[in-house]
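> Okay, so here is upload-v3.pdb, and as you'll see once you scroll down, it has PDB, C-alpha atoms and all ligand atoms.
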```pdb
ATOM      1  CA  MET A   1      29.219  85.704 -35.645  1.00  0.00           C
ATOM      2  CA  ILE A   2      27.703  83.712 -38.463  1.00  0.00           C
ATOM      3  CA  ILE A   3      27.303  80.578 -36.391  1.00  0.00           C
ATOM      4  CA  LYS A   4      26.472  80.258 -32.743  1.00  0.00           C
ATOM      5  CA  ARG A   5      27.285  77.524 -30.333  1.00  0.00           C
ATOM      6  CA  GLU A   6      24.426  76.148 -28.262  1.00  0.00           C
ATOM      7  CA  GLN A   7      23.784  73.175 -26.064  1.00  0.00           C
ATOM      8  CA  ALA A   8      21.116  70.653 -26.882  1.00  0.00           C
ATOM      9  CA  THR A   9      19.857  67.415 -25.408  1.00  0.00           C
ATOM     10  CA  VAL A  10      20.619  64.440 -27.605  1.00  0.00           C
ATOM     11  CA  TYR A  11      19.412  60.868 -27.338  1.00  0.00           C
ATOM     12  CA  ARG A  12      21.723  57.966 -27.945  1.00  0.00           C
ATOM     13  CA  GLY A  13      20.322  54.893 -29.659  1.00  0.00           C
ATOM     14  CA  GLY A  14      22.245  52.152 -31.391  1.00  0.00           C
ATOM     15  CA  GLY A  15      25.560  53.926 -30.855  1.00  0.00           C
ATOM     16  CA  ARG A  16      24.561  57.174 -32.585  1.00  0.00           C
ATOM     17  CA  ARG A  17      23.173  60.460 -31.331  1.00  0.00           C
ATOM     18  CA  TYR A  18      19.796  61.855 -32.309  1.00  0.00           C
ATOM     19  CA  PHE A  19      17.911  65.060 -31.600  1.00  0.00           C
ATOM     20  CA  THR A  20      14.609  63.309 -30.940  1.00  0.00           C
ATOM     21  CA  LYS A  21      13.710  60.278 -28.848  1.00  0.00           C
ATOM     22  CA  ARG A  22      11.686  58.953 -31.740  1.00  0.00           C
ATOM     23  CA  ALA A  23      14.716  58.976 -34.040  1.00  0.00           C
ATOM     24  CA  ALA A  24      16.858  57.392 -31.323  1.00  0.00           C
ATOM     25  CA  TYR A  25      14.422  54.512 -30.861  1.00  0.00           C
ATOM     26  CA  ASN A  26      14.339  54.000 -34.625  1.00  0.00           C
ATOM     27  CA  GLY A  27      18.137  54.045 -34.656  1.00  0.00           C
ATOM     28  CA  ALA A  28      18.316  51.475 -31.875  1.00  0.00           C
ATOM     29  CA  ALA A  29      15.847  49.258 -33.726  1.00  0.00           C
ATOM     30  CA  ARG A  30      17.750  49.583 -37.008  1.00  0.00           C
ATOM     31  CA  ASP A  31      21.000  48.793 -35.227  1.00  0.00           C
ATOM     32  CA  LYS A  32      19.504  45.650 -33.670  1.00  0.00           C
ATOM     33  CA  ILE A  33      18.201  44.418 -37.010  1.00  0.00           C
ATOM     34  CA  MET A  34      21.517  45.136 -38.721  1.00  0.00           C
ATOM     35  CA  SER A  35      23.322  43.185 -35.996  1.00  0.00           C
ATOM     36  CA  ARG A  36      21.285  40.143 -37.084  1.00  0.00           C
ATOM     37  CA  CYS A  37      21.507  40.797 -40.808  1.00  0.00           C
ATOM     38  CA  GLU A  38      22.922  37.844 -42.700  1.00  0.00           C
ATOM     39  CA  CYS A  39      22.802  39.228 -46.225  1.00  0.00           C
ATOM     40  CA  GLU A  40      25.516  37.839 -48.428  1.00  0.00           C
ATOM     41  CA  VAL A  41      27.260  41.082 -49.178  1.00  0.00           C
ATOM     42  CA  SER A  42      28.651  41.685 -52.614  1.00  0.00           C
ATOM     43  CA  ALA A  43      30.116  44.764 -54.261  1.00  0.00           C
ATOM     44  CA  TYR A  44      26.722  45.647 -55.762  1.00  0.00           C
ATOM     45  CA  ASP A  45      24.782  45.663 -52.516  1.00  0.00           C
ATOM     46  CA  ASP A  46      23.415  48.897 -51.168  1.00  0.00           C
ATOM     47  CA  PHE A  47      21.812  48.998 -47.716  1.00  0.00           C
ATOM     48  CA  GLU A  48      20.299  52.438 -48.401  1.00  0.00           C
ATOM     49  CA  THR A  49      18.204  51.333 -51.352  1.00  0.00           C
ATOM     50  CA  GLY A  50      17.784  47.797 -50.018  1.00  0.00           C
ATOM     51  CA  TYR A  51      19.267  46.171 -53.091  1.00  0.00           C
ATOM     52  CA  MET A  52      20.890  42.899 -52.059  1.00  0.00           C
ATOM     53  CA  ALA A  53      22.102  40.110 -54.310  1.00  0.00           C
ATOM     54  CA  ILE A  54      21.253  37.494 -51.682  1.00  0.00           C
ATOM     55  CA  PRO A  55      19.144  39.137 -48.980  1.00  0.00           C
ATOM     56  CA  CYS A  56      18.684  37.739 -45.476  1.00  0.00           C
ATOM     57  CA  ARG A  57      15.243  37.200 -43.948  1.00  0.00           C
ATOM     58  CA  TYR A  58      15.193  40.852 -42.805  1.00  0.00           C
ATOM     59  CA  HIS A  59      16.136  42.405 -46.115  1.00  0.00           C
ATOM     60  CA  GLU A  60      14.154  40.228 -48.518  1.00  0.00           C
ATOM     61  CA  ASP A  61      11.018  42.344 -47.979  1.00  0.00           C
ATOM     62  CA  MET A  62      11.567  46.072 -47.368  1.00  0.00           C
ATOM     63  CA  ASP A  63       7.942  46.683 -46.327  1.00  0.00           C
ATOM     64  CA  LYS A  64       8.184  43.925 -43.751  1.00  0.00           C
ATOM     65  CA  LEU A  65      11.519  45.371 -42.622  1.00  0.00           C
ATOM     66  CA  ALA A  66       9.984  48.816 -42.117  1.00  0.00           C
ATOM     67  CA  ARG A  67       7.138  47.323 -40.074  1.00  0.00           C
ATOM     68  CA  LEU A  68       9.539  45.248 -37.984  1.00  0.00           C
ATOM     69  CA  GLN A  69      11.718  48.269 -37.304  1.00  0.00           C
ATOM     70  CA  ALA A  70       8.715  50.371 -36.271  1.00  0.00           C
ATOM     71  CA  ARG A  71       7.455  47.577 -33.987  1.00  0.00           C
ATOM     72  CA  LEU A  72      10.876  47.153 -32.408  1.00  0.00           C
ATOM     73  CA  ALA A  73      11.177  50.923 -31.867  1.00  0.00           C
ATOM     74  CA  ARG A  74       7.765  50.959 -30.126  1.00  0.00           C
ATOM     75  CA  TRP A  75       8.826  48.009 -27.986  1.00  0.00           C
ATOM     76  CA  TYR A  76      12.055  49.762 -26.942  1.00  0.00           C
ATOM     77  CA  ARG A  77      10.113  52.902 -26.051  1.00  0.00           C
ATOM     78  CA  HIS A  78       7.731  50.771 -23.988  1.00  0.00           C
ATOM     79  CA  LEU A  79      10.643  49.123 -22.143  1.00  0.00           C
ATOM     80  CA  ASP A  80      12.174  52.512 -21.346  1.00  0.00           C
ATOM     81  CA  GLN A  81       8.853  53.879 -20.125  1.00  0.00           C
ATOM     82  CA  ALA A  82       8.342  50.801 -17.932  1.00  0.00           C
ATOM     83  CA  SER A  83      11.792  51.101 -16.366  1.00  0.00           C
ATOM     84  CA  GLU A  84      11.329  54.862 -15.945  1.00  0.00           C
ATOM     85  CA  GLN A  85       8.066  54.134 -14.125  1.00  0.00           C
ATOM     86  CA  GLU A  86       9.814  51.539 -11.985  1.00  0.00           C
ATOM     87  CA  GLN A  87      12.529  54.053 -11.049  1.00  0.00           C
ATOM     88  CA  ALA A  88       9.857  56.584 -10.113  1.00  0.00           C
ATOM     89  CA  ASN A  89       8.124  54.010  -7.908  1.00  0.00           C
ATOM     90  CA  ILE A  90      11.360  53.095  -6.137  1.00  0.00           C
ATOM     91  CA  GLY A  91      12.133  56.766  -5.587  1.00  0.00           C
ATOM     92  CA  GLY A  92       8.677  57.402  -4.151  1.00  0.00           C
ATOM     93  CA  GLU A  93       8.954  54.829  -1.358  1.00  0.00           C
TER      94      GLU A  93
HETATM   95 ZN    ZN B   1      20.201  41.645 -44.334  1.00  0.00          ZN
END
```
Translate this structure into structure tokens?

Amino acid sequence: MIIKREQATVYRGGGRRYFTKRAAYNGAARDKIMSRCECEVSAYDDFETGYMAIPCRYHEDMDKLARLQARLARWYRHLDQASEQEQANIGGE
């Protein structure tokens, strides 16, 4: 066999599956930002390169966007850790 089938844990974030938690939190953060994106989309716009004819407040500054996404991803990870801790505490009683 050239290819093998194997099972792996995946993490779902923002509707997609990722192999690492870190990527999943980034995906969830990106998804949240995109859900609030109000760029006026034209045929020339490209979300990958960030070129927008009339960008929204999220996409007018790609450095700021990257920082926001990283902050949001950290916040999501924190929320998950807090609720995980809470579950552990409930289970321990
Ligand atoms: Zn936008």
> Apply the PyMOL selection byres (((chain A and resi 7-14) around 12) and not hetatm) to the displayed file and report the matching residues as JSON, numbers by chain.
{"A": [4, 5, 6, 15, 16, 17, 18, 19, 20, 21, 22, 23, 24, 25, 26, 27, 28, 29, 30, 31, 32, 33, 34, 35, 73, 76, 77, 80]}
> Separation of atom ZN of ligand ZN 1 (chain B) and CA of Leu68 (chain A), in Å?
12.9 Å
> With all atoms listed in the file counted, collect every polymer residue having an atom within 8 Å of ligand ZN 1 (chain B); state the result as a ChimeraX atom specification.
/A:34,36-40,52,55-60
> To one decimal in Å, tell me the separation between CA of Val41 (chain A) and CA of Ile54 (chain A).
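Going from CA of Val41 (chain A) over to CA of Ile54 (chain A), I get 7.4 Å.
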> Could you tell me how far CA of Ser83 (chain A) sits from CA of Arg67 (chain A), in Å to one decimal place?
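Taking CA of Arg67 (chain A) as the start and CA of Ser83 (chain A) as the end point, the length is 24.5 Å.
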